[in-house]
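Trainee: First, the structure itself, so that you have it in front of you.
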Amino acid sequence: MNTIEIIQRIAIEVTINGQRYQRDVEPRMLLVQLIRDELRLTGTHIGCDTTYCGACTILLNGDPVKSCTVLAVQADQGEILTVEGLEQDGELHPLQKAFIEHHGLQCGYCTPGMLMSSYALLSNNPAPNRQEIRKSIAGNLCRCTGYHNILTAVEAAAEEMRGE
Amino acid sequence: MYPAPFRYHRAGSVDEAISMLSELGEEARPLAGGQTLLVWMKLRFDEPSDLVDLGRIPELSYFEHDDVEVRIGALATHAQIASSPIAERIPIVRDCANGIADTQVRSRGTIGGSLATGDPSCDWPALLHTLDAEVLCKGPAGERSIAINEFCEDLYATALEDAEIVTGVRFKMPAANSAGAYVGFKRCAPAYPTATAGVQLTLADGDICQDVRIALGSAGLTPIHATDAERELRGKTLSKENIERAAEAAVAACDPVDDQRGSPEFKRSVLRVLVKRAVGIAVRRCSGEAVESHHEYY
């Protein structure tokens with residue numbers, strides 16, 4: 001057990017969904033806490049808090065990460081995309097539309113993480129097969145859908161984005 | 001569920017990290033990708049006084065290979081390794097890198113962190129036993145390289161001295177007639193494996209085992225180098241019978257712990273299958289077949 005007498009504050013700057021934010025944060029602040037509690041972007045959910053469930057998945061410098069297992073200070077100078085950044089000019093992203101269309105969600109708790117993992121997949125692989133989609137969302141748990149409709153939604157969104 | 005307070009320091013170079021760690025003392029920890037350390041800190045299994053962030057040290061991110069040797073920097077993430085030319089050329093490396101946890105953890109977790117943790121459930125230590133690798137380290141006393149079997153000393157205990165960090169790994173480039181496979185079984189993608197097996201085979205005349213290395217992960221307090229299993233195969237023509245005996249010898253060498261991932265008996269039965277499966281894939285790869293393989297889960 002250690003006692004830290006004076007709480008250290010570190011100045012960080014991050015860009016989230018195109019907007020720049022500067023904050024002085026405690027070293028132990030998790031990236032998901034910065035996003036939700038400090039910046040009030042509550043679309044990113046906290047599920048398990050133990051790096052299992054993937055509800056807190058966001059993109060950090062283009063890579064999908066579990067924001068409950070990254071310190072805010074590690075994201076300093078980083079480019080972040082959260083679920084709020086998917087919609088453009090009031091228009092839902094094709095993935096979001098496909099999740100609605102194909103019932104890729106029920107309670108919706110895992111959905112922001114599912115969307116961000118799928119977004120990362122489609123950014124690198126515009127025409128994934130089912131196995132590749134399964135592997136890309138293997139770190140995202142859903143307890144409602146049984147995953148079937150999520151796979152269908154991602155396939156449909158990929159098709160839509162390819163203009164087919 | 002959140003970490004206890006600590007002080008944060010960002011190191012700009014390996015030397016700066018070492019001097020910070022020396023000065024801060026034994027309650028300070030180096031931070032790489034954080035995919036184990038931060039989880040432990042959130043659960044308060046560990047409450048370091050200080051974290052020295054290695055994450056932005058440019059000299060720790062490298063991939064180098066020629067026909068003789070492979071060298072990978074400590075900060076290489078599992079995802080970067082999986083998509084590297086090294087993984088393209090050495091399929092057993094891709095098996096391991098792609099099998100670890102899930103996409104998100106592979107984005108952040110590093111090969112150096114996986115080694116320095118000293119966790120026998122981590123995949124890299126077992127894979128690097130299979131490839132007879134050396135761990136490159138640097139500390140207050142300078143640089144040294146440590147054979148992987150000497151590096152992994154005990155449960156969560158490595159040969160690293162105070163303020164010494166892992167800077168990379170190196171291993172010999174497998175010969176043209178050599179190929180391997182690393183297979184694992186786990187409950188779900190983000191879980192640590194229940195058990196893993198790595199096999200690197202060198203074949204002569206199609207099916208004569210010129211050389212072999214077999215290592216097991218999550219099978220004891222450190223990765224297990226199954227030397228008796230190797231003796232069942234080395235110098236012999238591979239057959240169903242001697243592969244079976246090798247799997248039995250591998251199981252006899254392991255000492256898995258009883259935990260939520262299964263009883264020792266269950267893990268032994270999983271390991272028996274994994275060794276045979278890894279040998280099978282390695283044989284096919286030796287013959288030039290491209291075999292996709294990764295960890296399996298329910």
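Letters for chains follow the order of the structure tokens (A, B, ...), residue numbers begin at 1 for each chain, and ligand numbers begin at 1 in the order shown.
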Select from stretch 53-102 of chain A everything DSSP, run on the backbone, classes as strand (DSSP E), then give the selection as a PyMOL selection string.
Mentor: chain A and resi 57-60+63-66+79-81
Trainee: Provide as a count of residues only the residues of chain B at most 10 Å from chain A, counting only C-alpha atoms.
Mentor: 48
Trainee: Taking the DSSP assignment computed from this structure's backbone, write out as a PyMOL selection string all residues of stretch 44-133 of chain B that belong to helix (DSSP H, G or I).
Mentor: chain B and resi 58-60+78-82+85-89+91-99+103-108+111-116+123-130
Trainee: Store the residues picked out above, limited to N, CA and C atoms, as a CSV table (one decimal), in the first residue's frame.
Mentor:
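The new file selection-v4.csv reads:
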```
chain,number,residue,atom,x,y,z
B,58,PRO,N,11.1,5.4,-29.2
B,58,PRO,CA,11.1,4.9,-30.6
B,58,PRO,C,12.0,3.7,-30.8
B,59,GLU,N,13.1,3.6,-30.0
B,59,GLU,CA,14.1,2.6,-30.2
B,59,GLU,C,13.6,1.2,-29.8
B,60,LEU,N,12.4,1.1,-29.2
B,60,LEU,CA,11.9,-0.2,-28.8
B,60,LEU,C,10.9,-0.8,-29.8
B,78,HIS,N,1.0,-7.1,-30.5
B,78,HIS,CA,0.6,-8.4,-31.1
B,78,HIS,C,0.0,-8.2,-32.5
B,79,ALA,N,-0.7,-7.1,-32.7
B,79,ALA,CA,-1.3,-6.8,-34.0
B,79,ALA,C,-0.3,-6.5,-35.1
B,80,GLN,N,0.7,-5.7,-34.7
B,80,GLN,CA,1.8,-5.3,-35.6
B,80,GLN,C,2.6,-6.6,-36.0
B,81,ILE,N,2.8,-7.4,-35.0
B,81,ILE,CA,3.6,-8.7,-35.3
B,81,ILE,C,2.8,-9.5,-36.3
B,82,ALA,N,1.5,-9.7,-36.0
B,82,ALA,CA,0.6,-10.5,-36.8
B,82,ALA,C,0.6,-10.1,-38.3
B,85,PRO,N,6.1,-8.8,-42.0
B,85,PRO,CA,6.7,-9.7,-42.9
B,85,PRO,C,7.3,-10.9,-42.2
B,86,ILE,N,7.6,-10.8,-40.9
B,86,ILE,CA,8.1,-11.9,-40.1
B,86,ILE,C,7.1,-13.0,-39.9
B,87,ALA,N,5.8,-12.5,-39.6
B,87,ALA,CA,4.7,-13.5,-39.4
B,87,ALA,C,4.4,-14.1,-40.8
B,88,GLU,N,4.5,-13.4,-41.8
B,88,GLU,CA,4.3,-13.9,-43.2
B,88,GLU,C,5.2,-15.0,-43.5
B,89,ARG,N,6.5,-14.9,-43.1
B,89,ARG,CA,7.5,-15.9,-43.4
B,89,ARG,C,7.5,-17.0,-42.4
B,91,PRO,N,5.0,-18.9,-40.0
B,91,PRO,CA,3.6,-19.0,-39.7
B,91,PRO,C,3.4,-19.2,-38.2
B,92,ILE,N,4.3,-19.9,-37.5
B,92,ILE,CA,4.1,-20.1,-36.0
B,92,ILE,C,4.0,-18.8,-35.3
B,93,VAL,N,4.7,-17.8,-35.8
B,93,VAL,CA,4.7,-16.5,-35.1
B,93,VAL,C,3.3,-15.8,-35.3
B,94,ARG,N,2.7,-16.0,-36.6
B,94,ARG,CA,1.4,-15.5,-36.8
B,94,ARG,C,0.4,-16.2,-36.0
B,95,ASP,N,0.5,-17.5,-35.9
B,95,ASP,CA,-0.5,-18.3,-35.0
B,95,ASP,C,-0.6,-17.7,-33.6
B,96,CYS,N,0.6,-17.3,-33.1
B,96,CYS,CA,0.7,-16.8,-31.7
B,96,CYS,C,0.1,-15.4,-31.6
B,97,ALA,N,0.6,-14.5,-32.5
B,97,ALA,CA,0.2,-13.1,-32.5
B,97,ALA,C,-1.3,-13.0,-32.7
B,98,ASN,N,-1.8,-13.8,-33.6
B,98,ASN,CA,-3.3,-13.7,-33.9
B,98,ASN,C,-4.1,-14.4,-32.9
B,99,GLY,N,-3.6,-15.2,-32.1
B,99,GLY,CA,-4.4,-16.0,-31.2
B,99,GLY,C,-4.5,-15.3,-29.9
B,103,THR,N,-9.1,-8.5,-30.9
B,103,THR,CA,-8.5,-7.4,-31.7
B,103,THR,C,-8.1,-6.2,-30.9
B,104,GLN,N,-8.9,-5.9,-29.9
B,104,GLN,CA,-8.6,-4.7,-29.1
B,104,GLN,C,-7.3,-4.8,-28.3
B,105,VAL,N,-7.2,-6.0,-27.6
B,105,VAL,CA,-6.0,-6.2,-26.8
B,105,VAL,C,-4.8,-6.4,-27.7
B,106,ARG,N,-5.0,-7.0,-28.9
B,106,ARG,CA,-3.8,-7.1,-29.8
B,106,ARG,C,-3.4,-5.7,-30.3
B,107,SER,N,-4.3,-4.7,-30.3
B,107,SER,CA,-3.8,-3.4,-30.7
B,107,SER,C,-2.9,-2.7,-29.7
B,108,ARG,N,-3.0,-3.1,-28.5
B,108,ARG,CA,-2.2,-2.4,-27.4
B,108,ARG,C,-1.1,-3.3,-26.8
B,111,ILE,N,4.9,-7.5,-27.1
B,111,ILE,CA,5.6,-8.8,-26.8
B,111,ILE,C,6.5,-8.6,-25.6
B,112,GLY,N,7.1,-7.4,-25.4
B,112,GLY,CA,7.9,-7.2,-24.2
B,112,GLY,C,7.1,-7.3,-22.9
B,113,GLY,N,5.9,-6.7,-22.9
B,113,GLY,CA,5.1,-6.8,-21.8
B,113,GLY,C,4.6,-8.2,-21.4
B,114,SER,N,4.3,-9.0,-22.5
B,114,SER,CA,3.9,-10.4,-22.3
B,114,SER,C,5.0,-11.2,-21.7
B,115,LEU,N,6.3,-10.8,-22.0
B,115,LEU,CA,7.4,-11.5,-21.4
B,115,LEU,C,7.7,-11.1,-20.0
B,116,ALA,N,7.7,-9.8,-19.8
B,116,ALA,CA,8.1,-9.2,-18.5
B,116,ALA,C,7.1,-9.5,-17.4
B,123,ASP,N,1.0,-15.9,-24.0
B,123,ASP,CA,1.4,-16.8,-25.2
B,123,ASP,C,2.8,-16.6,-25.6
B,124,TRP,N,3.4,-15.4,-25.6
B,124,TRP,CA,4.7,-15.2,-26.1
B,124,TRP,C,5.8,-16.1,-25.4
B,125,PRO,N,5.8,-16.1,-24.1
B,125,PRO,CA,6.8,-17.0,-23.5
B,125,PRO,C,6.8,-18.4,-24.0
B,126,ALA,N,5.7,-19.0,-24.2
B,126,ALA,CA,5.6,-20.4,-24.7
B,126,ALA,C,6.1,-20.5,-26.1
B,127,LEU,N,5.6,-19.5,-26.9
B,127,LEU,CA,6.0,-19.5,-28.3
B,127,LEU,C,7.6,-19.3,-28.4
B,128,LEU,N,8.1,-18.4,-27.6
B,128,LEU,CA,9.5,-18.1,-27.7
B,128,LEU,C,10.4,-19.3,-27.2
B,129,HIS,N,9.8,-20.1,-26.3
B,129,HIS,CA,10.4,-21.4,-25.9
B,129,HIS,C,10.5,-22.3,-27.1
B,130,THR,N,9.4,-22.3,-27.9
B,130,THR,CA,9.4,-23.2,-29.0
B,130,THR,C,10.5,-22.8,-30.0
```
Trainee: Using only C-alpha atoms, find each residue in stretch 3-92 of chain B having at least one atom no more than 12 Å away from stretch 138-159 of chain B; report its shortest atom-to-atom pair and that distance in Å (one decimal), rows by chain then rising number, as a tab-separated table.
Mentor:
```
residue	atom	partner	partner_atom	distance
B:Ser13	CA	B:Lys138	CA	11.7
B:Val14	CA	B:Lys138	CA	7.9
B:Asp15	CA	B:Gly139	CA	8.2
B:Glu16	CA	B:Gly139	CA	10.6
B:Ala17	CA	B:Gly139	CA	9.2
B:Ile18	CA	B:Gly139	CA	5.9
B:Ser19	CA	B:Pro140	CA	7.4
B:Met20	CA	B:Pro140	CA	10.5
B:Leu21	CA	B:Gly139	CA	9.3
B:Ser22	CA	B:Pro140	CA	7.5
B:Glu23	CA	B:Pro140	CA	10.7
B:Thr36	CA	B:Tyr156	CA	11.7
B:Leu37	CA	B:Tyr156	CA	11.9
B:Leu60	CA	B:Lys138	CA	11.3
B:Ala74	CA	B:Lys138	CA	11.3
```
Trainee: Output the selection as a compact mmCIF listing (two decimals), in the first residue's frame - N, CA and C atoms for each residue.
Mentor:
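Saved to part-v1.txt:
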```
# COMPACT_ATOMS: atom_id res chain seq x y z
N SER B 13 13.63 7.67 -23.75
CA SER B 13 14.62 6.73 -24.27
C SER B 13 14.76 5.58 -23.28
N VAL B 14 15.41 4.50 -23.73
CA VAL B 14 15.63 3.35 -22.84
C VAL B 14 16.48 3.78 -21.65
N ASP B 15 17.53 4.55 -21.91
CA ASP B 15 18.41 4.97 -20.80
C ASP B 15 17.65 5.83 -19.80
N GLU B 16 16.78 6.70 -20.31
CA GLU B 16 16.02 7.54 -19.39
C GLU B 16 15.07 6.67 -18.55
N ALA B 17 14.46 5.67 -19.18
CA ALA B 17 13.55 4.77 -18.45
C ALA B 17 14.30 4.04 -17.34
N ILE B 18 15.50 3.57 -17.66
CA ILE B 18 16.28 2.82 -16.66
C ILE B 18 16.67 3.73 -15.50
N SER B 19 17.08 4.96 -15.82
CA SER B 19 17.48 5.84 -14.70
C SER B 19 16.26 6.25 -13.88
N MET B 20 15.11 6.43 -14.53
CA MET B 20 13.89 6.74 -13.77
C MET B 20 13.54 5.57 -12.84
N LEU B 21 13.58 4.36 -13.39
CA LEU B 21 13.22 3.18 -12.59
C LEU B 21 14.21 2.98 -11.44
N SER B 22 15.49 3.24 -11.68
CA SER B 22 16.50 3.11 -10.62
C SER B 22 16.22 4.10 -9.50
N GLU B 23 15.93 5.33 -9.90
CA GLU B 23 15.71 6.38 -8.91
C GLU B 23 14.43 6.17 -8.11
N THR B 36 -1.96 -6.09 -19.27
CA THR B 36 -1.98 -6.88 -18.03
C THR B 36 -1.87 -5.96 -16.83
N LEU B 37 -0.88 -5.06 -16.86
CA LEU B 37 -0.61 -4.23 -15.68
C LEU B 37 -1.82 -3.38 -15.27
N LEU B 60 12.40 1.13 -29.21
CA LEU B 60 11.86 -0.18 -28.80
C LEU B 60 10.88 -0.75 -29.82
N ALA B 74 10.69 -4.68 -28.18
CA ALA B 74 9.78 -4.99 -27.07
C ALA B 74 8.41 -4.34 -27.22
```
Trainee: From the set B:Glu134, B:Glu292, B:Glu230, B:Glu244, which residue has the shortest atom-to-atom contact distance to B:Lys276, counting only C-alpha atoms?
Mentor: B:Glu244
Trainee: Do a neighbour search on A:Ile12 at 8 Å with only C-alpha atoms, toss out local chain neighbours closer than 2 positions, and write the hits as a ChimeraX atom specification.
Mentor: /A:10,14,22-25,73,76-77
Trainee: Restricting the calculation to only C-alpha atoms, which member of A:Val154, A:Arg162, A:Met116, A:Asn61 is positioned closest to A:Gln131?
Mentor: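 Nearest candidate to A:Gln131 out of A:Val154, A:Arg162, A:Met116, A:Asn61: A:Val154.
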Trainee: Contacts of A:Leu86 at 12 Å or less, counting only C-alpha atoms, minus same-chain residues fewer than 4 places along, as a PDB file with C-alpha atoms, in the first residue's frame?
Mentor:
```
ATOM      1  CA  ILE A  16     -12.149  13.208 -30.228  1.00  0.00           C
ATOM      2  CA  ASN A  17     -14.445  13.009 -33.249  1.00  0.00           C
ATOM      3  CA  GLY A  18     -12.558  15.914 -34.799  1.00  0.00           C
ATOM      4  CA  GLY A  43     -22.184   6.852 -25.905  1.00  0.00           C
ATOM      5  CA  ILE A  58     -13.165   3.153 -29.275  1.00  0.00           C
ATOM      6  CA  LEU A  59     -10.631   3.867 -32.007  1.00  0.00           C
ATOM      7  CA  ILE A  80      -9.972   9.230 -30.974  1.00  0.00           C
ATOM      8  CA  LEU A  81     -13.183   8.148 -32.633  1.00  0.00           C
ATOM      9  CA  THR A  82     -16.175   7.240 -30.466  1.00  0.00           C
ATOM     10  CA  GLY A  90     -27.338  14.214 -38.968  1.00  0.00           C
ATOM     11  CA  GLU A  91     -27.115  11.077 -41.083  1.00  0.00           C
ATOM     12  CA  LEU A  92     -26.477   7.742 -39.349  1.00  0.00           C
ATOM     13  CA  HIS A  93     -23.461   5.725 -40.510  1.00  0.00           C
ATOM     14  CA  PRO A  94     -24.317   2.741 -42.778  1.00  0.00           C
ATOM     15  CA  LEU A  95     -23.318   0.438 -39.894  1.00  0.00           C
ATOM     16  CA  GLN A  96     -25.774   2.134 -37.549  1.00  0.00           C
ATOM     17  CA  LYS A  97     -28.544   1.943 -40.148  1.00  0.00           C
ATOM     18  CA  PRO A 112     -21.392   1.192 -29.304  1.00  0.00           C
ATOM     19  CA  LEU A 115     -20.151  -0.590 -33.976  1.00  0.00           C
ATOM     20  CA  MET A 116     -16.608   0.591 -33.282  1.00  0.00           C
ATOM     21  CA  SER A 118     -17.022  -3.336 -36.938  1.00  0.00           C
ATOM     22  CA  TYR A 119     -16.025   0.127 -38.129  1.00  0.00           C
ATOM     23  CA  ALA A 120     -12.351  -0.763 -37.531  1.00  0.00           C
TER      24      ALA A 120
END
```
Trainee: List as a ChimeraX atom specification the protein and nucleic acid residues near A:Arg130, meaning an atom at most 9 Å away when only C-alpha atoms are counted, but skip any in the same chain fewer than 5 places from it.
Mentor: /A:135,151-152,155
Trainee: Could you check which of A:Ile150, A:His45, A:Arg143, A:Ala158 is closest to A:His102, using only C-alpha atoms?
Mentor: A:Ile150
